[in-house]
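For reference, model.pdb (PDB, C-alpha atoms and all ligand atoms):
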```
ATOM      1  CA  MET A   1      18.695  -7.434  25.706
ATOM      2  CA  GLU A   2      15.248  -7.127  24.251
ATOM      3  CA  LYS A   3      15.135  -5.817  20.738
ATOM      4  CA  LEU A   4      13.671  -2.335  20.525
ATOM      5  CA  ILE A   5      13.545  -0.232  17.383
ATOM      6  CA  ILE A   6      12.472   3.192  18.547
ATOM      7  CA  GLY A   7      12.658   6.733  17.269
ATOM      8  CA  SER A   8      10.663   9.878  16.759
ATOM      9  CA  HIS A   9       9.669  12.449  14.255
ATOM     10  CA  VAL A  10      12.733  14.612  13.485
ATOM     11  CA  SER A  11      13.364  17.519  11.135
ATOM     12  CA  PHE A  12      14.872  17.443   7.657
ATOM     13  CA  THR A  13      16.202  20.829   6.655
ATOM     14  CA  LYS A  14      17.334  22.160   3.316
ATOM     15  CA  GLU A  15      20.790  22.911   4.711
ATOM     16  CA  GLU A  16      21.542  19.704   6.596
ATOM     17  CA  GLY A  17      19.249  17.195   4.868
ATOM     18  CA  LEU A  18      19.363  13.612   6.102
ATOM     19  CA  LEU A  19      22.558  14.295   8.060
ATOM     20  CA  GLY A  20      20.697  16.727  10.325
ATOM     21  CA  SER A  21      17.911  14.189  10.839
ATOM     22  CA  VAL A  22      20.365  11.475  11.909
ATOM     23  CA  LYS A  23      22.131  13.835  14.310
ATOM     24  CA  GLU A  24      18.850  14.944  15.866
ATOM     25  CA  SER A  25      17.698  11.348  16.249
ATOM     26  CA  LEU A  26      20.972  10.322  17.909
ATOM     27  CA  SER A  27      20.692  13.243  20.325
ATOM     28  CA  TYR A  28      17.451  11.677  21.614
ATOM     29  CA  GLY A  29      19.066   8.250  22.046
ATOM     30  CA  GLU A  30      17.147   6.622  19.184
ATOM     31  CA  ASN A  31      17.955   3.866  16.706
ATOM     32  CA  THR A  32      15.492   4.968  14.013
ATOM     33  CA  PHE A  33      13.527   8.085  13.026
ATOM     34  CA  MET A  34      10.885   9.578  10.736
ATOM     35  CA  PHE A  35      10.823  12.869   8.853
ATOM     36  CA  TYR A  36       8.997  14.908   6.219
ATOM     37  CA  THR A  37      11.153  15.740   3.190
ATOM     38  CA  GLY A  38       9.939  19.351   3.579
ATOM     39  CA  ALA A  39       7.128  21.125   5.449
ATOM     40  CA  PRO A  40       4.346  18.600   6.217
ATOM     41  CA  GLN A  41       1.638  21.081   5.229
ATOM     42  CA  ASN A  42       3.035  21.941   1.808
ATOM     43  CA  THR A  43       4.598  20.254  -1.195
ATOM     44  CA  ILE A  44       7.591  22.498  -1.811
ATOM     45  CA  ARG A  45      10.642  20.256  -1.900
ATOM     46  CA  GLY A  46      14.311  21.069  -2.514
ATOM     47  CA  LYS A  47      17.076  19.126  -4.183
ATOM     48  CA  ILE A  48      18.766  16.382  -2.162
ATOM     49  CA  ASP A  49      22.452  16.885  -1.332
ATOM     50  CA  GLU A  50      24.406  13.729  -2.283
ATOM     51  CA  GLU A  51      27.401  14.412  -0.050
ATOM     52  CA  LYS A  52      25.277  15.051   3.024
ATOM     53  CA  THR A  53      23.270  11.918   2.275
ATOM     54  CA  LYS A  54      26.426   9.781   2.113
ATOM     55  CA  GLU A  55      27.680  11.292   5.357
ATOM     56  CA  ALA A  56      24.305  10.579   6.944
ATOM     57  CA  GLN A  57      24.358   6.951   5.819
ATOM     58  CA  THR A  58      27.861   6.499   7.273
ATOM     59  CA  LEU A  59      26.812   8.069  10.562
ATOM     60  CA  MET A  60      23.807   5.706  10.689
ATOM     61  CA  LYS A  61      26.030   2.661  10.167
ATOM     62  CA  GLU A  62      28.423   3.799  12.884
ATOM     63  CA  ASN A  63      25.530   4.118  15.311
ATOM     64  CA  ASN A  64      23.603   0.968  14.424
ATOM     65  CA  ILE A  65      20.704   2.725  12.781
ATOM     66  CA  ASP A  66      19.439   0.335  10.126
ATOM     67  CA  ILE A  67      18.219   2.451   7.215
ATOM     68  CA  LYS A  68      15.468  -0.079   6.480
ATOM     69  CA  ASP A  69      13.810   1.078   9.734
ATOM     70  CA  VAL A  70      13.877   4.769   8.786
ATOM     71  CA  ILE A  71      10.602   6.289   7.636
ATOM     72  CA  ILE A  72       9.527   9.197   5.461
ATOM     73  CA  HIS A  73       6.072  10.690   6.112
ATOM     74  CA  ALA A  74       4.309  12.035   3.026
ATOM     75  CA  PRO A  75       2.756  15.501   3.538
ATOM     76  CA  TYR A  76      -0.713  15.253   5.045
ATOM     77  CA  ILE A  77      -2.310  17.556   2.467
ATOM     78  CA  ILE A  78      -1.897  14.875  -0.178
ATOM     79  CA  ASN A  79      -5.372  13.395  -0.665
ATOM     80  CA  LEU A  80      -5.865  10.545  -3.105
ATOM     81  CA  ALA A  81      -9.477   9.959  -2.022
ATOM     82  CA  ASN A  82     -10.907  13.073  -3.617
ATOM     83  CA  ASN A  83     -10.867  13.479  -7.379
ATOM     84  CA  LYS A  84     -13.451  16.274  -7.666
ATOM     85  CA  ASP A  85     -10.616  18.479  -8.815
ATOM     86  CA  GLU A  86      -8.762  16.444 -11.417
ATOM     87  CA  ASP A  87      -5.705  18.716 -11.367
ATOM     88  CA  LYS A  88      -5.336  18.327  -7.622
ATOM     89  CA  PHE A  89      -5.680  14.565  -7.851
ATOM     90  CA  ASN A  90      -3.041  14.372 -10.590
ATOM     91  CA  PHE A  91      -0.799  16.668  -8.597
ATOM     92  CA  ALA A  92      -1.068  14.319  -5.604
ATOM     93  CA  VAL A  93      -0.201  11.313  -7.754
ATOM     94  CA  ASN A  94       2.828  13.066  -9.248
ATOM     95  CA  PHE A  95       3.961  14.371  -5.892
ATOM     96  CA  LEU A  96       3.856  10.869  -4.420
ATOM     97  CA  LYS A  97       5.841   9.482  -7.330
ATOM     98  CA  GLN A  98       8.493  12.128  -6.719
ATOM     99  CA  GLU A  99       8.406  11.413  -2.994
ATOM    100  CA  LEU A 100       9.189   7.759  -3.692
ATOM    101  CA  THR A 101      12.065   8.824  -5.949
ATOM    102  CA  ARG A 102      13.370  11.056  -3.142
ATOM    103  CA  ALA A 103      13.123   8.094  -0.765
ATOM    104  CA  GLU A 104      15.163   5.991  -3.201
ATOM    105  CA  THR A 105      17.795   8.725  -3.519
ATOM    106  CA  LEU A 106      18.131   8.792   0.264
ATOM    107  CA  GLY A 107      18.194   4.983   0.512
ATOM    108  CA  ILE A 108      14.915   4.843   2.445
ATOM    109  CA  LYS A 109      12.515   1.961   1.946
ATOM    110  CA  LYS A 110       9.261   3.066   3.630
ATOM    111  CA  VAL A 111       6.979   6.067   3.105
ATOM    112  CA  VAL A 112       4.000   6.506   5.448
ATOM    113  CA  MET A 113       0.890   8.016   3.907
ATOM    114  CA  HIS A 114      -2.595   8.961   5.138
ATOM    115  CA  PRO A 115      -5.074   7.149   2.868
ATOM    116  CA  GLY A 116      -7.143  10.318   2.393
ATOM    117  CA  SER A 117     -10.526  11.953   3.079
ATOM    118  CA  HIS A 118     -13.489  11.467   0.773
ATOM    119  CA  VAL A 119     -14.882  14.963   1.506
ATOM    120  CA  GLY A 120     -18.468  14.092   0.692
ATOM    121  CA  LEU A 121     -17.964  11.548  -2.072
ATOM    122  CA  GLY A 122     -18.723   8.674   0.288
ATOM    123  CA  VAL A 123     -16.578   5.824   1.595
ATOM    124  CA  GLU A 124     -16.860   3.595  -1.458
ATOM    125  CA  LYS A 125     -15.996   6.261  -4.016
ATOM    126  CA  GLY A 126     -13.209   7.579  -1.812
ATOM    127  CA  ILE A 127     -11.597   4.164  -1.549
ATOM    128  CA  GLU A 128     -11.992   3.660  -5.289
ATOM    129  CA  ASN A 129     -10.057   6.893  -5.848
ATOM    130  CA  ILE A 130      -7.299   5.903  -3.418
ATOM    131  CA  VAL A 131      -6.886   2.596  -5.253
ATOM    132  CA  LYS A 132      -6.814   4.377  -8.601
ATOM    133  CA  GLY A 133      -4.191   6.814  -7.314
ATOM    134  CA  LEU A 134      -2.045   4.128  -5.717
ATOM    135  CA  ASN A 135      -2.047   2.073  -8.900
ATOM    136  CA  LYS A 136      -0.712   5.109 -10.751
ATOM    137  CA  VAL A 137       1.974   5.714  -8.132
ATOM    138  CA  LEU A 138       2.965   2.073  -7.665
ATOM    139  CA  ASP A 139       3.268   1.135 -11.319
ATOM    140  CA  LYS A 140       5.980  -1.491 -10.989
ATOM    141  CA  LYS A 141       6.956  -4.367  -8.716
ATOM    142  CA  GLU A 142      10.133  -2.842  -7.273
ATOM    143  CA  GLY A 143      10.655   0.332  -5.314
ATOM    144  CA  PRO A 144       9.977   1.897  -1.913
ATOM    145  CA  ILE A 145       6.958   0.744   0.031
ATOM    146  CA  ILE A 146       3.961   2.883   0.997
ATOM    147  CA  CYS A 147       2.692   2.291   4.550
ATOM    148  CA  LEU A 148      -1.001   3.216   4.774
ATOM    149  CA  GLU A 149      -1.668   4.780   8.166
ATOM    150  CA  THR A 150      -4.675   3.781  10.247
ATOM    151  CA  MET A 151      -6.671   6.972  10.864
ATOM    152  CA  ALA A 152      -8.835   8.352  13.694
ATOM    153  CA  GLY A 153     -11.837   8.890  11.431
ATOM    154  CA  LYS A 154     -11.869  12.650  11.886
ATOM    155  CA  GLY A 155     -14.228  14.262   9.391
ATOM    156  CA  THR A 156     -14.369  12.042   6.318
ATOM    157  CA  GLU A 157     -11.008  10.342   6.819
ATOM    158  CA  LEU A 158     -10.654   6.882   5.329
ATOM    159  CA  GLY A 159      -8.545   4.065   6.728
ATOM    160  CA  LYS A 160     -10.288   4.228  10.111
ATOM    161  CA  THR A 161     -10.966   0.482  10.110
ATOM    162  CA  PHE A 162      -8.830  -2.516   9.185
ATOM    163  CA  GLU A 163     -11.525  -3.432   6.674
ATOM    164  CA  GLU A 164     -11.138  -0.142   4.804
ATOM    165  CA  ILE A 165      -7.365  -0.577   4.654
ATOM    166  CA  LYS A 166      -7.840  -4.152   3.472
ATOM    167  CA  THR A 167     -10.149  -3.017   0.657
ATOM    168  CA  ILE A 168      -7.525  -0.525  -0.486
ATOM    169  CA  ILE A 169      -4.761  -3.153  -0.487
ATOM    170  CA  ASP A 170      -6.999  -5.627  -2.317
ATOM    171  CA  GLY A 171      -7.569  -3.142  -5.128
ATOM    172  CA  THR A 172      -3.917  -2.498  -5.865
ATOM    173  CA  ILE A 173      -1.886  -4.377  -8.426
ATOM    174  CA  TYR A 174       1.508  -4.390  -6.691
ATOM    175  CA  LYS A 175       0.404  -5.340  -3.177
ATOM    176  CA  GLU A 176       3.993  -6.164  -2.234
ATOM    177  CA  ARG A 177       4.611  -2.415  -2.178
ATOM    178  CA  LEU A 178       1.944  -1.711   0.445
ATOM    179  CA  LEU A 179       2.206  -2.135   4.199
ATOM    180  CA  VAL A 180       0.287  -0.620   7.111
ATOM    181  CA  CYS A 181       1.322   1.898   9.761
ATOM    182  CA  LEU A 182      -0.586   1.488  13.020
ATOM    183  CA  ASP A 183      -0.988   4.710  15.028
ATOM    184  CA  THR A 184      -1.918   4.053  18.669
ATOM    185  CA  CYS A 185      -3.699   7.400  19.126
ATOM    186  CA  HIS A 186      -5.614   6.974  15.883
ATOM    187  CA  LEU A 187      -6.602   3.374  16.717
ATOM    188  CA  ASN A 188      -8.022   4.507  20.049
ATOM    189  CA  ASP A 189      -9.815   7.481  18.556
ATOM    190  CA  ALA A 190     -11.197   5.256  15.798
ATOM    191  CA  GLY A 191     -12.802   3.035  18.445
ATOM    192  CA  TYR A 192     -10.320   0.172  18.875
ATOM    193  CA  ASP A 193      -9.542  -1.059  22.375
ATOM    194  CA  ILE A 194      -5.786  -0.658  22.648
ATOM    195  CA  SER A 195      -5.737  -1.953  26.248
ATOM    196  CA  ASN A 196      -6.081  -5.446  24.798
ATOM    197  CA  PHE A 197      -3.545  -5.217  22.027
ATOM    198  CA  ASP A 198      -3.179  -8.961  21.566
ATOM    199  CA  LYS A 199      -6.854  -9.111  20.662
ATOM    200  CA  LEU A 200      -6.453  -6.127  18.359
ATOM    201  CA  LEU A 201      -3.514  -7.825  16.630
ATOM    202  CA  GLU A 202      -5.536 -11.011  16.298
ATOM    203  CA  ASP A 203      -8.248  -9.051  14.482
ATOM    204  CA  PHE A 204      -5.667  -7.317  12.336
ATOM    205  CA  ASP A 205      -4.107 -10.683  11.499
ATOM    206  CA  LYS A 206      -7.450 -12.137  10.400
ATOM    207  CA  ILE A 207      -8.312  -9.162   8.211
ATOM    208  CA  ILE A 208      -4.967  -7.996   6.817
ATOM    209  CA  GLY A 209      -2.154 -10.166   8.223
ATOM    210  CA  LEU A 210       0.499  -9.321  10.808
ATOM    211  CA  VAL A 211       3.266  -9.441   8.178
ATOM    212  CA  LYS A 212       1.722  -6.299   6.741
ATOM    213  CA  ILE A 213       2.622  -4.127   9.750
ATOM    214  CA  GLY A 214       5.443  -1.903   8.531
ATOM    215  CA  CYS A 215       5.559   0.818  11.155
ATOM    216  CA  ILE A 216       3.908   1.869  14.416
ATOM    217  CA  HIS A 217       3.288   5.429  15.554
ATOM    218  CA  ILE A 218       3.441   5.597  19.330
ATOM    219  CA  ASN A 219       1.252   8.345  20.775
ATOM    220  CA  ASP A 220      -0.975   8.774  23.767
ATOM    221  CA  SER A 221      -4.368  10.384  23.059
ATOM    222  CA  LYS A 222      -6.115  13.418  24.516
ATOM    223  CA  ASN A 223      -9.498  11.808  23.829
ATOM    224  CA  GLU A 224     -11.610   8.822  24.775
ATOM    225  CA  LYS A 225     -11.869   5.694  22.676
ATOM    226  CA  GLY A 226     -14.057   6.311  19.612
ATOM    227  CA  ALA A 227     -13.898  10.122  19.816
ATOM    228  CA  HIS A 228     -12.717  10.432  16.163
ATOM    229  CA  LYS A 229     -10.583  13.400  17.162
ATOM    230  CA  ASP A 230      -6.883  12.710  16.499
ATOM    231  CA  ARG A 231      -5.128  14.787  19.118
ATOM    232  CA  HIS A 232      -1.849  13.275  20.259
ATOM    233  CA  GLU A 233      -0.693  13.429  23.878
ATOM    234  CA  ASN A 234       2.647  12.777  25.565
ATOM    235  CA  ILE A 235       3.294   9.227  26.737
ATOM    236  CA  GLY A 236       1.471   8.488  29.974
ATOM    237  CA  LEU A 237      -0.435  11.760  30.040
ATOM    238  CA  GLY A 238      -3.400  10.685  27.946
ATOM    239  CA  THR A 239      -6.266   8.213  27.925
ATOM    240  CA  LEU A 240      -4.122   5.279  26.744
ATOM    241  CA  GLY A 241      -1.795   5.323  29.739
ATOM    242  CA  PHE A 242       1.846   4.387  30.162
ATOM    243  CA  GLN A 243       1.416   0.666  30.872
ATOM    244  CA  ASN A 244      -0.750   0.058  27.816
ATOM    245  CA  ILE A 245       1.772   1.849  25.630
ATOM    246  CA  ILE A 246       4.668  -0.163  27.093
ATOM    247  CA  LYS A 247       2.784  -3.387  26.386
ATOM    248  CA  ILE A 248       2.370  -2.361  22.747
ATOM    249  CA  ILE A 249       6.006  -1.311  22.350
ATOM    250  CA  TYR A 250       7.332  -4.550  23.840
ATOM    251  CA  ASN A 251       4.807  -6.887  22.225
ATOM    252  CA  GLU A 252       6.758  -9.931  21.013
ATOM    253  CA  LYS A 253       4.909  -9.944  17.674
ATOM    254  CA  LEU A 254       5.992  -6.386  16.935
ATOM    255  CA  LYS A 255       9.661  -6.542  17.850
ATOM    256  CA  GLU A 256      10.916  -6.181  14.261
ATOM    257  CA  VAL A 257       8.629  -3.208  13.565
ATOM    258  CA  PRO A 258      10.034   0.350  13.882
ATOM    259  CA  LYS A 259       8.203   2.463  16.471
ATOM    260  CA  ILE A 260       8.000   6.210  16.055
ATOM    261  CA  LEU A 261       6.934   8.806  18.621
ATOM    262  CA  GLU A 262       4.820  11.700  17.346
ATOM    263  CA  THR A 263       3.961  13.124  20.745
ATOM    264  CA  PRO A 264       3.521  16.894  21.086
ATOM    265  CA  TYR A 265       6.370  19.300  21.775
ATOM    266  CA  ILE A 266       6.064  21.026  25.126
ATOM    267  CA  SER A 267       6.456  24.591  26.274
ATOM    268  CA  ILE A 268       8.963  25.277  29.017
ATOM    269  CA  ASN A 269       7.939  28.583  30.551
ATOM    270  CA  GLY A 270       4.231  28.118  30.886
ATOM    271  CA  GLY A 271       3.602  29.683  27.488
ATOM    272  CA  LYS A 272       1.402  28.211  24.791
ATOM    273  CA  ASP A 273       4.300  27.811  22.393
ATOM    274  CA  ARG A 274       5.173  24.163  22.118
ATOM    275  CA  THR A 275       8.760  24.375  20.970
ATOM    276  CA  TYR A 276      10.655  21.673  22.870
ATOM    277  CA  PRO A 277      10.752  18.040  21.771
ATOM    278  CA  PRO A 278       9.981  15.544  24.569
ATOM    279  CA  TYR A 279      11.548  12.572  22.818
ATOM    280  CA  LYS A 280      14.805  12.153  24.733
ATOM    281  CA  GLN A 281      12.941  11.913  28.043
ATOM    282  CA  GLU A 282      10.061   9.828  26.689
ATOM    283  CA  ILE A 283      12.474   7.321  25.170
ATOM    284  CA  GLU A 284      14.367   7.114  28.437
ATOM    285  CA  MET A 285      11.109   6.185  30.216
ATOM    286  CA  ILE A 286      10.262   3.640  27.532
ATOM    287  CA  ARG A 287      13.669   1.977  27.815
ATOM    288  CA  GLN A 288      13.323   1.801  31.596
ATOM    289  CA  LYS A 289       9.651   0.754  31.317
ATOM    290  CA  LYS A 290       8.984   3.025  34.230
ATOM    291  CA  TYR A 291       6.729   6.039  34.199
ATOM    292  CA  ASP A 292       8.235   9.228  35.538
ATOM    293  CA  GLU A 293       5.557  11.293  37.287
ATOM    294  CA  LYS A 294       7.765  14.326  36.736
ATOM    295  CA  LEU A 295       8.100  13.870  32.971
ATOM    296  CA  LEU A 296       7.150  17.423  32.024
ATOM    297  CA  GLU A 297       9.244  18.910  34.810
ATOM    298  CA  LYS A 298      12.189  16.816  33.695
ATOM    299  CA  ILE A 299      11.854  18.003  30.105
ATOM    300  CA  ARG A 300      11.575  21.624  31.234
ATOM    301  CA  ASN A 301      14.627  21.340  33.485
ATOM    302  CA  TYR A 302      16.598  19.766  30.680
ATOM    303  CA  TYR A 303      15.952  22.630  28.261
ATOM    304  CA  ASN A 304      16.279  25.338  30.871
ATOM    305  CA  LYS A 305      19.935  24.397  31.208
ATOM    306  CA  PHE A 306      20.663  25.826  27.766
TER     307      PHE A 306
HETATM  308 FE    FE B   1       0.478  10.441  10.124
HETATM  309 FE    FE B   2       0.664   9.005  13.056
HETATM  310 ZN    ZN B   3      -2.445  11.815  14.272
END
```
Same coordinates, now as structure tokens:
Amino acid sequence: MEKLIIGSHVSFTKEEGLLGSVKESLSYGENTFMFYTGAPQNTIRGKIDEEKTKEAQTLMKENNIDIKDVIIHAPYIINLANNKDEDKFNFAVNFLKQELTRAETLGIKKVVMHPGSHVGLGVEKGIENIVKGLNKVLDKKEGPIICLETMAGKGTELGKTFEEIKTIIDGTIYKERLLVCLDTCHLNDAGYDISNFDKLLEDFDKIIGLVKIGCIHINDSKNEKGAHKDRHENIGLGTLGFQNIIKIIYNEKLKEVPKILETPYISINGGKDRTYPPYKQEIEMIRQKKYDEKLLEKIRNYYNKF
């Protein structure tokens, strides 16, 4: 059997902690997952329950989830690129330090982070700030790794090119603690041609090095290549298309890299509320490498049973 490390974004609640995340992930038929340690849009974080964490780690072992493939996503409001407000910048640095400590407590090795937005300071200054921030956060050789995510280039987002990511890595002292998270929707929206992924990987290898790929976010996109929009779409329903996504997922060079779905939840009764995760059905399609024209219908039928 081909090796496939696949999962999705799952929740992490105060009550259930990591145990709830593992259970949710298993219910979708996954062998890895990603979560925020609290709400993605804020920085309020609770204490981690040791018992629940141990239980979660046991459940992972029993189900062949390798904890080294599990990912934490730092909240997206953390912005190291902007230091106009010194308090905010320092808060971001301290929050990230704590996030890495939380990761260690949970036994997790990788934390994905958006590099940041320069909000008017310019690319160069923004990158300088990110480097400064990262060097404060990563102040020793050992510890969890930060995976810098490739961004769509919406607004003043940095990390929209491999060159920008490379400049950030080059500026840091403990480079061994930095990897990259490729996001297929973001790459497309940033202007990369994902339909020729071997070529894209060749470019990445020349600029940064394939060994630096620590995670891949698998998303279709609602927008055309180069749109700088960042709106995720369900697998096969966007501009990337099912076959291109399958080729990325099963690329030989990426087989050891965890792949995480961040596709949008869907609504089941025609409403605008997107409350149902599509991951179980999307993962089924990915495992079978066959697109199901009735994907949305299938998801709706599945949830309507309850
Ligand atoms: Fe992200
Ligand atoms: Fe992403
Ligand atoms: Zn995105």
**Complete:** The distance between CA of Lys109 (chain A) and CA of Pro144 (chain A) is 4.6 Å
**Request:** Would you list the residues that come within 9 Å of ligand FE 1 (chain B)? Count all atoms listed in the file and give the answer as a list in words.
**Result:**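 Residues satisfying the distance criterion: His73, Ala74, Pro75, Tyr76, Val112, Met113, His114, Glu149, Thr150, Met151, Cys181, Asp183, His217 and Glu262 of chain A.
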Chain A near ligand ZN 3 (chain B) within 7 Å: what's each residue's closest atom pair and its distance in Å to one decimal, counting all atoms listed in the file, ordered by chain then ascending residue number, as a tab-separated table?
```
residue	atom	partner	partner_atom	distance
A:Cys185	CA	B:ZN3	ZN	6.7
A:His186	CA	B:ZN3	ZN	6.0
A:Asp230	CA	B:ZN3	ZN	5.0
A:Arg231	CA	B:ZN3	ZN	6.3
A:His232	CA	B:ZN3	ZN	6.2
```
**Message:** On this structure, the PyMOL selection byres (((chain A and resi 51) around 12) and not hetatm) would catch which residues? List them as a ChimeraX atom specification, sorted by chain and number.
**Reply:** /A:15-19,48-50,52-58,105-106
**Asked** Separation of CA of Asn219 (chain A) and CA of Cys147 (chain A), in Å?
**Response**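 That distance, rounded to one decimal, is 17.4 Å.
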**Message:** Just want the 8 Å neighbourhood of Thr184 (chain A), counted on only C-alpha atoms, with same-chain residues fewer than 2 positions away dropped. Output as an MDAnalysis selection string.
**Reply:** chainID A and resid 182 186:188 194 216:220
**All residues 9 Å or closer to Ile78 (chain A), only C-alpha atoms, same chain fewer than 5 positions away omitted, as a list in words** =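 Listing them by chain and then by number gives Gln41, Asn42, Thr43, Lys88, Phe89, Phe91, Ala92, Val93, Phe95, Leu96, Met113, His114, Pro115 and Gly116 of chain A.
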**Fill in**
Across A:Lys229, A:Lys3, A:Lys255, A:His9, the smallest distance to ligand FE 2 (chain B), with only C-alpha atoms and all ligand atoms counted, is shown by A:His9
**Request:** Rank A:Asn244, A:Ser8, A:Gln288, A:Ser27 by their smallest atom-to-atom distance to ligand FE 2 (chain B), using all atoms listed in the file, and report the top residue only.
**Result:** A:Ser8
**Message:** Between CA of Ile235 (chain A) and CA of Gly153 (chain A), what is the distance in Å, rounded to a tenth?
**Reply:**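 According to the coordinates, CA of Ile235 (chain A) and CA of Gly153 (chain A) are separated by 21.5 Å.
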**Request:** For the structure provided, state which residues fall under the PyMOL selection byres (((chain A and resi 127-137) around 8) and not hetatm), and present them as a list in words.
**Result:**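 Evaluating the PyMOL selection byres (((chain A and resi 127-137) around 8) and not hetatm) on these coordinates yields Leu80, Ala81, Asn82, Asn83, Phe89, Val93, Asn94, Leu96, Lys97, Pro115, Gly116, His118, Val123, Glu124, Lys125, Gly126, Leu138, Asp139, Leu158, Glu164, Thr167, Ile168, Ile169, Gly171, Thr172, Ile173 and Tyr174 of chain A.
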**Complete:** In terms of all atoms listed in the file, the residue from A:Leu237, A:Ile260, A:Val111, A:Ile145 at minimal distance from ligand FE 2 (chain B) is A:Ile260
Which residues are close to region 200-215 of chain A, i.e. within 8 Å by only C-alpha atoms, leaving aside same-chain residues fewer than 2 positions away? Reply as a JSON list (two decimals) with C-alpha atoms, in the frame of the given file.
```
[["chain", "number", "residue", "atom", "x", "y", "z"],
["A", 110, "LYS", "CA", 9.26, 3.07, 3.63],
["A", 147, "CYS", "CA", 2.69, 2.29, 4.55],
["A", 162, "PHE", "CA", -8.83, -2.52, 9.18],
["A", 163, "GLU", "CA", -11.52, -3.43, 6.67],
["A", 166, "LYS", "CA", -7.84, -4.15, 3.47],
["A", 178, "LEU", "CA", 1.94, -1.71, 0.44],
["A", 179, "LEU", "CA", 2.21, -2.13, 4.20],
["A", 180, "VAL", "CA", 0.29, -0.62, 7.11],
["A", 181, "CYS", "CA", 1.32, 1.90, 9.76],
["A", 182, "LEU", "CA", -0.59, 1.49, 13.02],
["A", 192, "TYR", "CA", -10.32, 0.17, 18.88],
["A", 193, "ASP", "CA", -9.54, -1.06, 22.38],
["A", 194, "ILE", "CA", -5.79, -0.66, 22.65],
["A", 196, "ASN", "CA", -6.08, -5.45, 24.80],
["A", 197, "PHE", "CA", -3.54, -5.22, 22.03],
["A", 198, "ASP", "CA", -3.18, -8.96, 21.57],
["A", 217, "HIS", "CA", 3.29, 5.43, 15.55],
["A", 257, "VAL", "CA", 8.63, -3.21, 13.56],
["A", 258, "PRO", "CA", 10.03, 0.35, 13.88],
["A", 259, "LYS", "CA", 8.20, 2.46, 16.47],
["A", 260, "ILE", "CA", 8.00, 6.21, 16.06]]
```
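With all atoms listed in the file as the atoms that count, the minimum distance from ligand FE 2 (chain B) to the choices A:Leu261, A:Ser25, A:Ser117, A:Ile6 is reached by A:Leu261.
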